[in-house]
Amino acid sequence: MPATFLHRFVLSIGFLSLFHSAYSAAQHRSYLRLNELDFTHLPLDIIIQALISLFVIMYGVMNVAGDFKEIKASAELENKSWETFRNIPSFYTFSHRGKFLAFPHQTGNKKHN
Amino acid sequence: MSSKNKNGNSDVVAYSEMAIRNNLSVVEYCRTSMAALSGCTAGVLGLTGLYGAAFYIFAVTSLWLMILCKAGLSSWKNFFISRKSLLTNGFFGQLFTYILCWTFIYGMVHVY
């Protein structure tokens, strides 16, 4: 399936969420600095938000990047019939004897009568 | 590439070069984005030292699993020749992208 609007939407939501968690982390650091506390680890909700938004972005990127194709050389040819390959438009001929055979009353009659 | 079937005859499979190239470029795109984005996430989380390296390995492995899920857990052979090279290709090349984003975002979020 090609990239749809939904996947691009998911991708932008993920980017916004990651940016939001980065902003929250920066605010947490400034809060610690103002209260003169030591940094041990981030609050759990920021960690979870960052990880989830990473996976959401990756899902979006994988769908936007494109589809895989079958690597077997015969994969594309399996659904096609022999007539499809024999069909070469450059070699079409329209002025041939079939014109006289199909409509003898229009063209053939004049000559032969 | 040839594989032996039960009778011992080698069974030659022809691969389409265009399709292989297309698949690898899609995977490369995903891998580069994954390196940059997981670097950003590691910077946001404030990982330092070996925790960051462990997070990179976690990110690469989870991207590998996601690609396999996208290709289909049983039908990945239709799209890729080797599953292992899908995991290890460009591992150290992308590591530098990861470290770049990691240090940059770490500086932006936690230092300044």
# chains A, B, ... in the order shown; residues from 1 in each chain; ligands from 1
>>> closest_atom_pairs(of="chain A", to="region 46-64 of chain B", cutoff="12 Å", atoms="only C-alpha atoms", output="CSV")
residue,atom,partner,partner_atom,distance
A:Ser21,CA,B:Gly46,CA,11.8
A:Ala22,CA,B:Gly46,CA,10.0
A:Ala25,CA,B:Gly46,CA,8.7
A:Ala26,CA,B:Gly46,CA,10.2
A:His28,CA,B:Gly46,CA,11.6
A:Arg29,CA,B:Gly46,CA,10.4
A:Phe39,CA,B:Gly46,CA,10.0
A:Thr40,CA,B:Gly46,CA,9.9
A:His41,CA,B:Gly46,CA,7.9
A:Leu42,CA,B:Gly46,CA,7.9
A:Pro43,CA,B:Gly46,CA,11.4
A:Ile46,CA,B:Gly46,CA,11.1
A:Ile47,CA,B:Gly46,CA,9.7
A:Ala50,CA,B:Gly46,CA,11.2
A:Leu51,CA,B:Ala59,CA,10.2
A:Leu54,CA,B:Ala59,CA,9.4
A:Phe55,CA,B:Ser62,CA,9.0
A:Val56,CA,B:Leu63,CA,11.8
A:Ile57,CA,B:Leu63,CA,11.4
A:Met58,CA,B:Leu63,CA,7.8
A:Tyr59,CA,B:Leu63,CA,9.3
A:Val61,CA,B:Leu63,CA,10.9
A:Met62,CA,B:Leu63,CA,9.3
>>> closest_atom_pairs(of="chain B", to="chain A", cutoff="7 Å", atoms="only C-alpha atoms", output="CSV")
residue,atom,partner,partner_atom,distance
B:Ala14,CA,A:Ala73,CA,5.5
B:Tyr15,CA,A:Lys72,CA,4.5
B:Ser16,CA,A:Ala73,CA,4.3
B:Ala19,CA,A:Ile71,CA,5.1
B:Ile20,CA,A:Ile71,CA,5.6
B:Asn23,CA,A:Phe68,CA,5.2
B:Val26,CA,A:Ala65,CA,5.8
B:Tyr29,CA,A:Ala65,CA,6.7
B:Cys30,CA,A:Met62,CA,6.0
B:Met34,CA,A:Met58,CA,6.7
B:Leu37,CA,A:Leu54,CA,6.9
B:Ser38,CA,A:Leu54,CA,6.8
B:Thr41,CA,A:Ala50,CA,6.2
B:Val44,CA,A:Ala22,CA,5.3
B:Leu45,CA,A:Ile47,CA,6.2
B:Asn78,CA,A:Glu70,CA,5.3
B:Phe79,CA,A:Glu70,CA,5.0
B:Val109,CA,A:Ala26,CA,4.8
B:His110,CA,A:Ala26,CA,6.2
>>> write_last_selection(atoms="C-alpha atoms", output="short mmCIF file (atom, residue, chain, number, x, y, z; two decimals), in the first residue's frame")
data_model
loop_
_atom_site.label_atom_id
_atom_site.label_comp_id
_atom_site.auth_asym_id
_atom_site.auth_seq_id
_atom_site.Cartn_x
_atom_site.Cartn_y
_atom_site.Cartn_z
CA ALA B 14 16.89 -15.48 -10.79
CA TYR B 15 16.55 -12.26 -8.83
CA SER B 16 15.40 -8.97 -10.23
CA ALA B 19 13.54 -4.99 -6.96
CA ILE B 20 16.56 -5.69 -4.73
CA ASN B 23 14.05 -2.82 -1.25
CA VAL B 26 13.68 1.63 1.34
CA TYR B 29 15.90 5.27 4.29
CA CYS B 30 14.28 3.67 7.34
CA MET B 34 15.88 5.43 12.79
CA LEU B 37 15.41 9.71 15.63
CA SER B 38 16.68 7.23 18.19
CA THR B 41 15.24 10.14 21.82
CA VAL B 44 15.89 13.56 25.38
CA LEU B 45 16.10 10.68 27.82
CA ASN B 78 10.16 -12.88 -1.05
CA PHE B 79 11.71 -9.48 -0.41
CA VAL B 109 17.78 19.58 26.48
CA HIS B 110 20.00 18.79 29.45
#
>>> select_by_dssp(residues="chain B", states="strand (DSSP E)", output="list in words")
Ser2, Ser3, Lys4, Ser10, Asp11 and Val12 of chain B
>>> atom_distance(atom1="CA of Asn35 (chain A)", atom2="CA of Ala42 (chain B)")
25.0 Å
>>> atom_distance(atom1="CA of Arg21 (chain B)", atom2="CA of Ser85 (chain B)")
14.4 Å
>>> atom_distance(atom1="CA of Arg8 (chain A)", atom2="CA of Ser33 (chain B)")
14.6 Å
